[in-house]
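Chemist: Next comes final_34.txt, compact mmCIF, C-alpha atoms and all ligand atoms:
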# COMPACT_ATOMS: atom_id res chain seq x y z
CA MET A 1 22.93 54.55 -12.42
CA ASN A 2 25.54 51.82 -12.66
CA ILE A 3 24.88 49.59 -15.64
CA LEU A 4 26.43 46.51 -17.27
CA VAL A 5 26.02 46.06 -21.03
CA THR A 6 27.14 42.86 -22.79
CA GLY A 7 28.23 42.63 -26.42
CA ALA A 8 29.14 46.32 -26.24
CA ASP A 9 31.91 46.32 -28.86
CA ARG A 10 29.65 47.19 -31.75
CA GLY A 11 26.08 47.13 -32.97
CA LEU A 12 23.19 47.76 -30.58
CA GLY A 13 25.31 47.16 -27.47
CA TYR A 14 27.77 49.84 -28.47
CA GLY A 15 24.98 52.26 -29.41
CA MET A 16 23.29 51.77 -26.03
CA THR A 17 26.59 52.18 -24.19
CA ARG A 18 27.25 55.47 -25.97
CA ILE A 19 23.80 56.83 -25.12
CA LEU A 20 23.99 55.72 -21.48
CA LEU A 21 27.33 57.51 -21.09
CA GLU A 22 25.91 60.65 -22.67
CA MET A 23 23.06 60.47 -20.15
CA GLY A 24 25.68 60.50 -17.38
CA HIS A 25 25.44 56.89 -16.25
CA HIS A 26 28.38 54.72 -15.29
CA VAL A 27 28.78 51.76 -17.64
CA TRP A 28 30.71 48.53 -17.48
CA ALA A 29 30.93 47.59 -21.15
CA GLY A 30 31.50 43.93 -21.93
CA ARG A 31 34.24 43.60 -24.52
CA TYR A 32 34.24 40.48 -26.67
CA MET A 33 36.36 41.76 -29.57
CA PRO A 34 39.62 43.33 -28.31
CA GLU A 35 40.57 44.20 -31.88
CA TRP A 36 37.50 46.42 -32.33
CA THR A 37 38.36 49.93 -31.08
CA GLU A 38 35.07 51.87 -30.90
CA LEU A 39 34.88 51.36 -27.12
CA ASP A 40 38.39 52.79 -26.72
CA GLU A 41 37.24 55.97 -28.44
CA LEU A 42 34.33 56.19 -25.99
CA LYS A 43 36.75 55.66 -23.11
CA GLU A 44 38.84 58.59 -24.25
CA LYS A 45 35.76 60.78 -24.19
CA HIS A 46 34.10 59.59 -21.00
CA GLY A 47 37.04 58.48 -18.83
CA LYS A 48 36.07 56.89 -15.53
CA LYS A 49 32.40 56.73 -16.41
CA LEU A 50 33.23 53.82 -18.70
CA GLU A 51 34.98 50.67 -17.65
CA ILE A 52 35.69 48.21 -20.44
CA ILE A 53 35.79 44.64 -19.15
CA PRO A 54 36.60 41.45 -21.07
CA LEU A 55 33.39 39.44 -21.28
CA ASP A 56 32.48 36.36 -23.26
CA VAL A 57 28.99 35.38 -22.14
CA SER A 58 29.46 31.83 -23.47
CA ASP A 59 32.29 31.23 -21.00
CA THR A 60 31.33 30.85 -17.33
CA GLU A 61 34.84 31.73 -16.12
CA SER A 62 34.82 34.90 -18.20
CA VAL A 63 31.50 35.99 -16.69
CA LYS A 64 32.81 35.18 -13.19
CA ARG A 65 35.94 37.28 -13.83
CA ALA A 66 33.75 40.16 -14.97
CA GLY A 67 31.74 39.67 -11.78
CA ASP A 68 34.93 39.92 -9.71
CA ILE A 69 35.84 43.20 -11.39
CA ILE A 70 32.42 44.73 -10.79
CA LEU A 71 32.29 43.45 -7.21
CA ARG A 72 35.71 44.96 -6.60
CA ASP A 73 34.56 48.30 -7.98
CA ILE A 74 31.38 48.26 -5.92
CA SER A 75 33.15 47.15 -2.72
CA TYR A 76 35.71 49.86 -3.15
CA ILE A 77 33.09 52.55 -3.36
CA ASN A 78 31.10 51.09 -0.49
CA ALA A 79 34.25 51.09 1.65
CA GLY A 80 33.95 54.85 1.45
CA SER A 81 37.24 55.61 -0.26
CA ASP A 82 37.54 59.11 -1.65
CA ASP A 83 40.24 58.11 -4.06
CA GLU A 84 38.41 57.03 -7.19
CA THR A 85 41.61 56.83 -9.15
CA GLU A 86 42.81 53.74 -7.34
CA ALA A 87 39.90 51.65 -8.55
CA GLY A 88 39.84 53.58 -11.80
CA ILE A 89 36.10 54.01 -11.78
CA GLY A 90 33.51 56.72 -11.48
CA ILE A 91 30.69 55.06 -9.58
CA LYS A 92 28.99 57.53 -7.33
CA GLU A 93 25.31 57.10 -6.94
CA SER A 94 23.90 53.89 -5.50
CA GLY A 95 27.20 52.10 -4.91
CA CYS A 96 25.86 48.94 -6.48
CA LEU A 97 24.85 47.50 -9.80
CA ASP A 98 21.49 48.96 -10.85
CA MET A 99 20.88 47.47 -14.27
CA ILE A 100 22.06 44.68 -16.55
CA ILE A 101 21.47 44.78 -20.28
CA SER A 102 21.92 41.28 -21.67
CA ASN A 103 22.49 42.13 -25.31
CA ALA A 104 25.26 39.88 -26.67
CA GLY A 105 24.01 37.57 -29.36
CA ILE A 106 24.88 35.84 -32.61
CA ASN A 107 22.82 34.93 -35.60
CA GLY A 108 22.81 31.20 -36.27
CA LYS A 109 22.79 31.79 -40.02
CA LEU A 110 26.42 32.91 -39.93
CA SER A 111 27.46 29.30 -40.14
CA GLY A 112 25.68 28.97 -43.47
CA GLU A 113 22.89 27.09 -41.74
CA VAL A 114 21.11 24.74 -44.12
CA PRO A 115 17.62 23.62 -43.05
CA MET A 116 17.43 19.83 -42.68
CA GLU A 117 21.23 19.65 -42.53
CA SER A 118 21.79 21.45 -39.26
CA ASP A 119 25.26 22.15 -37.96
CA TYR A 120 24.78 20.84 -34.43
CA ASP A 121 28.01 22.29 -33.09
CA TYR A 122 27.01 25.74 -34.30
CA MET A 123 23.52 25.27 -32.89
CA MET A 124 25.08 24.52 -29.52
CA ARG A 125 27.23 27.64 -29.79
CA THR A 126 24.22 29.79 -30.63
CA TYR A 127 22.33 28.34 -27.67
CA ASN A 128 25.35 28.82 -25.42
CA ILE A 129 25.60 32.52 -26.25
CA ASN A 130 22.00 33.58 -26.87
CA SER A 131 20.29 31.54 -24.15
CA LEU A 132 22.80 30.42 -21.52
CA GLY A 133 24.67 33.73 -21.70
CA ALA A 134 21.72 35.41 -20.02
CA VAL A 135 21.48 32.69 -17.37
CA ARG A 136 25.15 33.13 -16.47
CA LEU A 137 24.75 36.88 -16.23
CA VAL A 138 21.78 36.79 -13.91
CA GLU A 139 23.24 34.09 -11.67
CA ILE A 140 26.54 35.89 -11.26
CA PHE A 141 25.23 39.46 -10.97
CA TYR A 142 21.79 39.48 -9.38
CA GLN A 143 23.13 39.53 -5.82
CA MET A 144 25.15 42.64 -6.63
CA MET A 145 21.88 44.40 -7.49
CA LYS A 146 20.16 43.74 -4.17
CA GLY A 147 20.97 47.16 -2.73
CA SER A 148 19.63 49.02 -5.76
CA ASP A 149 16.23 50.68 -5.85
CA VAL A 150 16.03 49.89 -9.56
CA ARG A 151 17.31 46.28 -9.82
CA ARG A 152 16.46 46.07 -13.51
CA LEU A 153 17.23 43.04 -15.69
CA CYS A 154 16.94 43.86 -19.40
CA PHE A 155 17.10 41.19 -22.07
CA VAL A 156 17.52 41.83 -25.78
CA SER A 157 15.59 38.98 -27.37
CA SER A 158 13.85 38.85 -30.74
CA GLU A 159 10.48 38.31 -32.34
CA ALA A 160 12.23 35.22 -33.75
CA GLY A 161 11.86 33.70 -30.28
CA SER A 162 8.06 33.90 -30.22
CA ILE A 163 6.64 30.39 -30.64
CA THR A 164 3.06 31.58 -31.11
CA GLN A 165 3.99 34.06 -33.83
CA ALA A 166 6.70 32.00 -35.56
CA TRP A 167 6.55 32.34 -39.36
CA ARG A 168 9.99 31.16 -40.53
CA ASN A 169 10.78 27.65 -41.74
CA ASP A 170 14.53 27.94 -41.26
CA ASN A 171 17.10 29.67 -39.01
CA PHE A 172 16.43 26.98 -36.43
CA SER A 173 19.29 27.76 -34.09
CA TYR A 174 18.59 31.49 -33.73
CA CYS A 175 14.84 31.08 -33.29
CA MET A 176 15.24 28.19 -30.85
CA SER A 177 17.89 30.04 -28.85
CA LYS A 178 15.70 33.14 -28.48
CA ALA A 179 12.66 31.01 -27.54
CA ALA A 180 14.81 29.41 -24.83
CA LEU A 181 15.91 32.87 -23.71
CA ASN A 182 12.29 33.98 -23.46
CA MET A 183 11.43 30.93 -21.37
CA TYR A 184 14.34 31.66 -19.04
CA VAL A 185 13.27 35.27 -18.63
CA LYS A 186 9.74 34.13 -17.82
CA LEU A 187 11.01 31.72 -15.15
CA ILE A 188 13.41 34.18 -13.60
CA TYR A 189 10.67 36.83 -13.66
CA ASN A 190 8.47 34.44 -11.67
CA ARG A 191 11.30 34.02 -9.19
CA LEU A 192 12.79 37.49 -8.85
CA HIS A 193 9.97 39.92 -9.64
CA PRO A 194 8.32 39.18 -6.25
CA GLU A 195 11.68 40.17 -4.69
CA GLY A 196 11.52 43.60 -6.28
CA TYR A 197 13.56 42.99 -9.43
CA SER A 198 12.36 44.82 -12.50
CA PHE A 199 12.22 43.24 -15.98
CA ARG A 200 12.39 44.29 -19.61
CA LEU A 201 12.16 41.69 -22.40
CA TYR A 202 12.66 43.33 -25.75
CA HIS A 203 12.65 42.88 -29.53
CA PRO A 204 14.83 45.70 -30.92
CA GLY A 205 13.67 45.59 -34.55
CA TRP A 206 15.55 44.81 -37.73
CA ILE A 207 18.80 46.71 -37.28
CA ARG A 208 21.53 47.55 -39.76
CA SER A 209 24.10 46.08 -37.36
CA TYR A 210 27.05 43.71 -37.66
CA MET A 211 25.15 40.47 -37.14
CA GLY A 212 26.07 39.28 -40.60
CA GLY A 213 29.78 39.85 -39.90
CA LYS A 214 29.89 43.32 -41.51
CA LEU A 215 27.70 46.40 -41.28
CA ALA A 216 24.37 45.45 -42.86
CA GLU A 217 22.91 47.52 -45.69
CA LYS A 218 19.38 46.20 -45.13
CA GLY A 219 17.24 46.78 -42.05
CA ASN A 220 14.60 49.16 -40.71
CA LEU A 221 16.72 50.91 -38.11
CA SER A 222 20.23 52.28 -37.90
CA ILE A 223 22.24 51.27 -34.84
CA ASP A 224 21.76 54.74 -33.33
CA GLU A 225 18.00 54.71 -33.91
CA ALA A 226 17.63 51.21 -32.46
CA ALA A 227 19.78 52.08 -29.44
CA ASP A 228 17.81 55.24 -28.73
CA ILE A 229 14.46 53.41 -28.75
CA ALA A 230 15.82 50.51 -26.68
CA ILE A 231 17.28 52.77 -24.00
CA ARG A 232 14.04 54.73 -23.69
CA TYR A 233 12.24 51.46 -22.98
CA PHE A 234 14.85 50.09 -20.59
CA MET A 235 14.91 53.37 -18.65
CA ASP A 236 11.14 53.79 -18.52
CA ASP A 237 10.09 53.40 -14.87
CA HIS A 238 6.38 53.26 -15.72
CA VAL A 239 6.20 50.01 -17.70
CA ASP A 240 3.45 47.69 -16.47
CA GLU A 241 5.33 44.70 -15.05
CA SER A 242 2.32 42.88 -13.61
CA GLU A 243 2.90 40.26 -16.29
CA LEU A 244 5.98 39.60 -18.40
CA VAL A 245 5.56 40.72 -22.00
CA MET A 246 8.07 40.88 -24.83
CA TYR A 247 7.80 44.41 -26.19
CA GLY A 248 8.84 45.38 -29.68
CA TYR A 249 10.64 48.59 -30.63
CA ASP A 250 7.40 49.82 -32.20
CA GLY A 251 5.25 49.02 -29.18
CA GLU A 252 4.06 45.60 -30.38
CA ARG A 253 3.46 43.10 -27.58
CA PHE A 254 4.62 39.64 -28.63
CA GLN A 255 3.07 36.36 -27.56
CA PHE A 256 5.50 33.82 -26.15
N1 LIG B 301 20.23 42.99 -35.84
C1 LIG B 301 18.92 42.71 -35.77
O1 LIG B 301 18.16 42.95 -36.73
C2 LIG B 301 18.35 42.10 -34.52
C3 LIG B 301 16.99 41.75 -34.50
C4 LIG B 301 16.45 41.20 -33.35
C5 LIG B 301 17.25 40.99 -32.23
N2 LIG B 301 18.58 41.33 -32.29
C6 LIG B 301 19.39 41.08 -31.07
O2 LIG B 301 20.06 42.27 -30.71
C7 LIG B 301 21.25 41.91 -29.97
C8 LIG B 301 22.42 42.74 -30.50
O3 LIG B 301 22.65 42.35 -31.85
P1 LIG B 301 23.24 43.35 -32.95
O4 LIG B 301 22.26 43.41 -34.04
O5 LIG B 301 23.72 44.59 -32.33
O6 LIG B 301 24.48 42.44 -33.47
P2 LIG B 301 26.03 42.76 -33.58
O7 LIG B 301 26.24 44.04 -34.32
O8 LIG B 301 26.66 41.51 -34.11
O9 LIG B 301 26.48 43.00 -32.05
C9 LIG B 301 26.52 41.95 -31.12
C10 LIG B 301 27.80 42.04 -30.33
O10 LIG B 301 27.89 40.91 -29.41
C11 LIG B 301 29.16 40.30 -29.59
N3 LIG B 301 29.24 38.91 -29.18
C12 LIG B 301 29.18 37.79 -29.94
N4 LIG B 301 29.38 36.71 -29.19
C13 LIG B 301 29.58 37.14 -27.92
C14 LIG B 301 29.86 36.50 -26.71
N5 LIG B 301 29.99 35.16 -26.63
N6 LIG B 301 30.00 37.24 -25.58
C15 LIG B 301 29.88 38.58 -25.65
N7 LIG B 301 29.65 39.26 -26.77
C16 LIG B 301 29.49 38.54 -27.91
C17 LIG B 301 29.39 40.46 -31.08
O11 LIG B 301 30.71 40.14 -31.47
P3 LIG B 301 30.94 39.50 -32.97
O12 LIG B 301 30.60 40.61 -33.93
O13 LIG B 301 32.34 39.08 -32.98
O14 LIG B 301 29.96 38.34 -33.07
C18 LIG B 301 29.02 41.93 -31.25
O15 LIG B 301 30.04 42.78 -30.81
C19 LIG B 301 21.43 40.41 -30.15
O16 LIG B 301 20.99 39.75 -28.98
C20 LIG B 301 20.51 40.08 -31.30
O17 LIG B 301 20.05 38.74 -31.25
C21 LIG B 301 19.14 41.87 -33.40
Would you put the structure from the file into structure tokens?
Ligand SMILES: NC(=O)c1ccc[n+]([C@@H]2O[C@H](COP(=O)([O-])OP(=O)(O)OC[C@H]3O[C@@H](n4cnc5c(N)ncnc54)[C@H](OP(=O)(O)O)[C@@H]3O)[C@@H](O)[C@H]2O)c1
Modeler:
Amino acid sequence: MNILVTGADRGLGYGMTRILLEMGHHVWAGRYMPEWTELDELKEKHGKKLEIIPLDVSDTESVKRAGDIILRDISYINAGSDDETEAGIGIKESGCLDMIISNAGINGKLSGEVPMESDYDYMMRTYNINSLGAVRLVEIFYQMMKGSDVRRLCFVSSEAGSITQAWRNDNFSYCMSKAALNMYVKLIYNRLHPEGYSFRLYHPGWIRSYMGGKLAEKGNLSIDEAADIAIRYFMDDHVDESELVMYGYDGERFQF
């Protein structure tokens, strides 16, 4: 399959990219941090199966530019050229985008968020990345998925976005941004699921990732463990999609 992953530099996005490549899929990996070199090491190993593309999901122009690159790659293949080297890609199978994994996200607490003294600019930034990032992705890429039999839109959300099960009394920006993401996914599910698009809305667990700015020591899952479980769920063709549910890494079904 041909798959786009956002926030693929490090953390869960990187882990999922690595596994997808090992499974033999073609991946466009969204790069947000040019100074972080883990993706380059993957590129050395997997060559044309991996295309690293600059992608800041908070910037509409950046997402559009990524769209242009992927459209160019897809058009090139669909034009029937034998010379893969010209486009520099290894797409073979469906000739279109099969799956998007909207993973990029930030934790609002990084700003030193103080309850009752919210940093509104940082709250807007969190919302722009965690909520609107997914909207931009779908709006720019869904048409490129029309020819795919799979047409799967995967969203990495969080239990923190469940309004019914909310237990915190702080971390407003992160929780609000994930609740907004969940609402968007519900609306876009209502719109696109009848057209044959497939959906996965997912809480990946507490991961020892880089969300705090450096590799976390605390958390239930390593990046590799979390990525393995997430990819199994995203790749599972037998998930009941008759209603949209946010699934947890351990099988829990979250209320919205
Ligand atoms: N870690 C957890 O326990 C946990 C729990 C529930 C849900 N999640 C969700 O899991 C997803 C992945 O998080 P993670 O734990 O793997 O965190 P991570 O290690 O920080 O990885 C996220 C990646 O996204 C990048 N990113 C930040 N802003 C971006 C933007 N505007 N455009 C594109 N990429 C951007 C990050 O870059 P920087 O490092 O420069 O920010 C980083 O490379 C997020 O959606 C998060 O909300 C995580």
Chemist: Take CA of Lys49 (chain A) and CA of Asn2 (chain A) and report the distance between them in Å, one decimal.
Modeler: 9.2 Å
Chemist: Met235 (chain A): which residues within 10 Å, counting all atoms listed in the file, same-chain residues fewer than 5 positions away excluded, as a list in words?
Modeler: Leu20, Met99, Val150, Arg152, Cys154, Arg200 and Ala230 of chain A
Chemist: Given the choices A:Met124, A:Ile207, A:Ala134, A:Leu55, which gets closest to Ile223 (chain A) if the distance is worked out from all atoms listed in the file?
Modeler: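 Going through A:Met124, A:Ile207, A:Ala134, A:Leu55 one by one, the smallest distance to Ile223 (chain A) is for A:Ile207.
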Chemist: Return the single residue from A:Met176, A:Ile188, A:Ala216, A:Val114 that is closest to ligand LIG 301 (chain B), with distances computed using all atoms listed in the file.
Modeler: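 Among the listed residues, A:Ala216 lies closest to ligand LIG 301 (chain B).
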Chemist: Determine, counting all atoms listed in the file, which protein, DNA and RNA residues have an atom within 7 Å of an atom of region 31-47 of chain A; residues of the same chain fewer than 5 positions away are not included. Present the result as a PyMOL selection string.
Modeler: chain A and resi 7-9+52-56
Chemist: How many Å lie between CA of Lys146 (chain A) and CA of Arg65 (chain A), rounded to one decimal?
Modeler: 19.6 Å
Chemist: Can I get the residues of chain A within 8 Å of ligand LIG 301 (chain B), each with the closest pair of atoms and their distance in Å to one decimal, using only C-alpha atoms and all ligand atoms, sorted chain first then ascending number, as a tab-separated table?
Modeler:
residue	atom	partner	partner_atom	distance
A:Thr6	CA	B:LIG301	C15	5.8
A:Gly7	CA	B:LIG301	O10	3.5
A:Ala8	CA	B:LIG301	O15	5.9
A:Asp9	CA	B:LIG301	O15	4.5
A:Arg10	CA	B:LIG301	O15	4.5
A:Gly11	CA	B:LIG301	O7	3.4
A:Leu12	CA	B:LIG301	O5	3.7
A:Gly13	CA	B:LIG301	O5	5.7
A:Tyr14	CA	B:LIG301	O5	7.7
A:Gly30	CA	B:LIG301	C15	6.7
A:Arg31	CA	B:LIG301	N7	6.7
A:Tyr32	CA	B:LIG301	N7	4.8
A:Met33	CA	B:LIG301	O13	5.9
A:Leu55	CA	B:LIG301	C15	5.7
A:Asp56	CA	B:LIG301	N6	3.5
A:Val57	CA	B:LIG301	N6	4.0
A:Ser58	CA	B:LIG301	N5	4.6
A:Asp59	CA	B:LIG301	N5	7.2
A:Ser102	CA	B:LIG301	O16	7.5
A:Asn103	CA	B:LIG301	O16	4.6
A:Ala104	CA	B:LIG301	O10	3.9
A:Gly105	CA	B:LIG301	O16	3.7
A:Ile106	CA	B:LIG301	C12	5.4
A:Asn107	CA	B:LIG301	O17	6.4
A:Asn128	CA	B:LIG301	N5	7.9
A:Ile129	CA	B:LIG301	N5	5.1
A:Asn130	CA	B:LIG301	O16	6.6
A:Gly133	CA	B:LIG301	N5	7.4
A:Val156	CA	B:LIG301	O16	5.2
A:Ser157	CA	B:LIG301	C5	5.5
A:Ser158	CA	B:LIG301	C5	4.3
A:Glu159	CA	B:LIG301	C4	6.7
A:Ala160	CA	B:LIG301	C4	7.3
A:Tyr174	CA	B:LIG301	O17	7.8
A:Lys178	CA	B:LIG301	O17	7.6
A:His203	CA	B:LIG301	C4	5.6
A:Pro204	CA	B:LIG301	C4	5.4
A:Gly205	CA	B:LIG301	C3	5.1
A:Trp206	CA	B:LIG301	O1	3.4
A:Ile207	CA	B:LIG301	O1	3.9
A:Arg208	CA	B:LIG301	N1	6.2
A:Ser209	CA	B:LIG301	O7	4.2
A:Tyr210	CA	B:LIG301	O7	3.5
A:Met211	CA	B:LIG301	O8	3.5
A:Gly212	CA	B:LIG301	O8	6.9
A:Gly213	CA	B:LIG301	O12	6.1
A:Leu215	CA	B:LIG301	O7	7.5
A:Gly219	CA	B:LIG301	O1	6.6
A:Ile223	CA	B:LIG301	O5	7.3
Chemist: Could you tell me how far CA of Met246 (chain A) lies from CA of Ala66 (chain A), in Å and to one decimal?
Modeler: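 Between these atoms lies a distance of 27.5 Å.
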Chemist: What box, with edges along x, y and z, holds each listed atom of region 52-57 of chain A when 8 Å is added on every side, and can you state its centre and edge lengths in Å to one decimal, as JSON?
Modeler:
{"center_x": 32.8, "center_y": 41.8, "center_z": -21.2, "size_x": 23.6, "size_y": 28.8, "size_z": 20.1}
Chemist: Do you know which residues are at most 9 Å from Leu50 (chain A) counting only C-alpha atoms, after dropping those on the same chain fewer than 6 positions away, and could you put them as a list in words?
Modeler: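 Answer for this query is Thr17, Leu21, His25, His26, Val27, Trp28, Ala29, Leu39, Leu42, Lys43, Ile89 and Gly90 of chain A.
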Chemist: Restricting it to C-alpha atoms, dump the selection as a PDB file, keeping the file's coordinate frame.
Modeler:
ATOM      1  CA  THR A  17      26.590  52.180 -24.190  1.00  0.00           C
ATOM      2  CA  LEU A  21      27.330  57.510 -21.090  1.00  0.00           C
ATOM      3  CA  HIS A  25      25.440  56.890 -16.250  1.00  0.00           C
ATOM      4  CA  HIS A  26      28.380  54.720 -15.290  1.00  0.00           C
ATOM      5  CA  VAL A  27      28.780  51.760 -17.640  1.00  0.00           C
ATOM      6  CA  TRP A  28      30.710  48.530 -17.480  1.00  0.00           C
ATOM      7  CA  ALA A  29      30.930  47.590 -21.150  1.00  0.00           C
ATOM      8  CA  LEU A  39      34.880  51.360 -27.120  1.00  0.00           C
ATOM      9  CA  LEU A  42      34.330  56.190 -25.990  1.00  0.00           C
ATOM     10  CA  LYS A  43      36.750  55.660 -23.110  1.00  0.00           C
ATOM     11  CA  ILE A  89      36.100  54.010 -11.780  1.00  0.00           C
ATOM     12  CA  GLY A  90      33.510  56.720 -11.480  1.00  0.00           C
TER      13      GLY A  90
END
Chemist: Name the residues within 12 Å of (19.1, 47.3, -3.7), counting all atoms listed in the file in the file's coordinates, and put them as a PDB file with C-alpha atoms, in the coordinates of the input.
Modeler:
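In the end it all went to result-v1.pdb:
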ATOM      1  CA  MET A   1      22.930  54.550 -12.420  1.00  0.00           C
ATOM      2  CA  ASN A   2      25.540  51.820 -12.660  1.00  0.00           C
ATOM      3  CA  SER A  94      23.900  53.890  -5.500  1.00  0.00           C
ATOM      4  CA  GLY A  95      27.200  52.100  -4.910  1.00  0.00           C
ATOM      5  CA  CYS A  96      25.860  48.940  -6.480  1.00  0.00           C
ATOM      6  CA  LEU A  97      24.850  47.500  -9.800  1.00  0.00           C
ATOM      7  CA  ASP A  98      21.490  48.960 -10.850  1.00  0.00           C
ATOM      8  CA  MET A  99      20.880  47.470 -14.270  1.00  0.00           C
ATOM      9  CA  TYR A 142      21.790  39.480  -9.380  1.00  0.00           C
ATOM     10  CA  GLN A 143      23.130  39.530  -5.820  1.00  0.00           C
ATOM     11  CA  MET A 144      25.150  42.640  -6.630  1.00  0.00           C
ATOM     12  CA  MET A 145      21.880  44.400  -7.490  1.00  0.00           C
ATOM     13  CA  LYS A 146      20.160  43.740  -4.170  1.00  0.00           C
ATOM     14  CA  GLY A 147      20.970  47.160  -2.730  1.00  0.00           C
ATOM     15  CA  SER A 148      19.630  49.020  -5.760  1.00  0.00           C
ATOM     16  CA  ASP A 149      16.230  50.680  -5.850  1.00  0.00           C
ATOM     17  CA  VAL A 150      16.030  49.890  -9.560  1.00  0.00           C
ATOM     18  CA  ARG A 151      17.310  46.280  -9.820  1.00  0.00           C
ATOM     19  CA  ARG A 152      16.460  46.070 -13.510  1.00  0.00           C
ATOM     20  CA  GLU A 195      11.680  40.170  -4.690  1.00  0.00           C
ATOM     21  CA  GLY A 196      11.520  43.600  -6.280  1.00  0.00           C
ATOM     22  CA  TYR A 197      13.560  42.990  -9.430  1.00  0.00           C
ATOM     23  CA  SER A 198      12.360  44.820 -12.500  1.00  0.00           C
TER      24      SER A 198
END
Chemist: Using all atoms listed in the file, which of A:Ile231, A:Asn220, A:Ser131, A:Glu117 sits nearest Arg18 (chain A)?
Modeler: A:Ile231
Chemist: Would you kindly return, as a ChimeraX atom specification, each protein, DNA or RNA residue with an atom no farther than 12 Å from any atom of Val239 (chain A), considering all atoms listed in the file and excluding same-chain residues fewer than 3 positions away?
Modeler: /A:152,198-201,232-236,242-247,251
Chemist: Kindly save the residues from that selection, with C-alpha atoms included, as a PDB file, keeping the file's coordinate frame.
Modeler:
ATOM      1  CA  ARG A 152      16.460  46.070 -13.510  1.00  0.00           C
ATOM      2  CA  SER A 198      12.360  44.820 -12.500  1.00  0.00           C
ATOM      3  CA  PHE A 199      12.220  43.240 -15.980  1.00  0.00           C
ATOM      4  CA  ARG A 200      12.390  44.290 -19.610  1.00  0.00           C
ATOM      5  CA  LEU A 201      12.160  41.690 -22.400  1.00  0.00           C
ATOM      6  CA  ARG A 232      14.040  54.730 -23.690  1.00  0.00           C
ATOM      7  CA  TYR A 233      12.240  51.460 -22.980  1.00  0.00           C
ATOM      8  CA  PHE A 234      14.850  50.090 -20.590  1.00  0.00           C
ATOM      9  CA  MET A 235      14.910  53.370 -18.650  1.00  0.00           C
ATOM     10  CA  ASP A 236      11.140  53.790 -18.520  1.00  0.00           C
ATOM     11  CA  SER A 242       2.320  42.880 -13.610  1.00  0.00           C
ATOM     12  CA  GLU A 243       2.900  40.260 -16.290  1.00  0.00           C
ATOM     13  CA  LEU A 244       5.980  39.600 -18.400  1.00  0.00           C
ATOM     14  CA  VAL A 245       5.560  40.720 -22.000  1.00  0.00           C
ATOM     15  CA  MET A 246       8.070  40.880 -24.830  1.00  0.00           C
ATOM     16  CA  TYR A 247       7.800  44.410 -26.190  1.00  0.00           C
ATOM     17  CA  GLY A 251       5.250  49.020 -29.180  1.00  0.00           C
TER      18      GLY A 251
END
Chemist: When distances are computed from all atoms listed in the file, which of A:Asn182, A:Ser75, A:Ile100, A:Leu221 shows the smallest separation from Glu139 (chain A)?
Modeler: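 Of all the options, A:Ile100 lies closest to Glu139 (chain A).
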Chemist: Which is closer to Ile3 (chain A) than all the others in A:Thr126, A:Leu132, A:Leu153, A:Tyr120, using all atoms listed in the file?
Modeler: A:Leu153
Chemist: Kindly add N, CA, C and O atoms to the incomplete region 3-11 of chain A and provide the output as a PDB file, keeping the file's coordinate frame.
Modeler:
ATOM      1  N   ILE A   3      25.530  50.492 -14.679  1.00  0.00           N
ATOM      2  CA  ILE A   3      24.880  49.590 -15.640  1.00  0.00           C
ATOM      3  C   ILE A   3      25.912  48.717 -16.348  1.00  0.00           C
ATOM      4  O   ILE A   3      26.980  49.199 -16.761  1.00  0.00           O
ATOM      5  N   LEU A   4      25.587  47.441 -16.497  1.00  0.00           N
ATOM      6  CA  LEU A   4      26.430  46.510 -17.270  1.00  0.00           C
ATOM      7  C   LEU A   4      25.754  46.240 -18.611  1.00  0.00           C
ATOM      8  O   LEU A   4      24.562  45.911 -18.651  1.00  0.00           O
ATOM      9  N   VAL A   5      26.526  46.371 -19.690  1.00  0.00           N
ATOM     10  CA  VAL A   5      26.020  46.060 -21.030  1.00  0.00           C
ATOM     11  C   VAL A   5      26.918  44.976 -21.630  1.00  0.00           C
ATOM     12  O   VAL A   5      28.145  45.121 -21.649  1.00  0.00           O
ATOM     13  N   THR A   6      26.330  43.905 -22.141  1.00  0.00           N
ATOM     14  CA  THR A   6      27.140  42.860 -22.790  1.00  0.00           C
ATOM     15  C   THR A   6      27.106  43.035 -24.310  1.00  0.00           C
ATOM     16  O   THR A   6      26.178  43.639 -24.858  1.00  0.00           O
ATOM     17  N   GLY A   7      28.144  42.493 -24.954  1.00  0.00           N
ATOM     18  CA  GLY A   7      28.230  42.630 -26.420  1.00  0.00           C
ATOM     19  C   GLY A   7      28.311  44.087 -26.817  1.00  0.00           C
ATOM     20  O   GLY A   7      27.693  44.524 -27.795  1.00  0.00           O
ATOM     21  N   ALA A   8      29.132  44.865 -26.069  1.00  0.00           N
ATOM     22  CA  ALA A   8      29.140  46.320 -26.240  1.00  0.00           C
ATOM     23  C   ALA A   8      30.150  46.812 -27.277  1.00  0.00           C
ATOM     24  O   ALA A   8      30.245  48.008 -27.518  1.00  0.00           O
ATOM     25  N   ASP A   9      30.871  45.912 -27.898  1.00  0.00           N
ATOM     26  CA  ASP A   9      31.910  46.320 -28.860  1.00  0.00           C
ATOM     27  C   ASP A   9      31.331  47.090 -30.036  1.00  0.00           C
ATOM     28  O   ASP A   9      31.882  48.089 -30.484  1.00  0.00           O
ATOM     29  N   ARG A  10      30.229  46.563 -30.555  1.00  0.00           N
ATOM     30  CA  ARG A  10      29.650  47.190 -31.750  1.00  0.00           C
ATOM     31  C   ARG A  10      28.168  46.850 -31.817  1.00  0.00           C
ATOM     32  O   ARG A  10      27.639  46.128 -30.973  1.00  0.00           O
ATOM     33  N   GLY A  11      27.506  47.398 -32.822  1.00  0.00           N
ATOM     34  CA  GLY A  11      26.080  47.130 -32.970  1.00  0.00           C
ATOM     35  C   GLY A  11      25.258  47.799 -31.873  1.00  0.00           C
ATOM     36  O   GLY A  11      25.631  48.846 -31.325  1.00  0.00           O
TER      37      GLY A  11
END
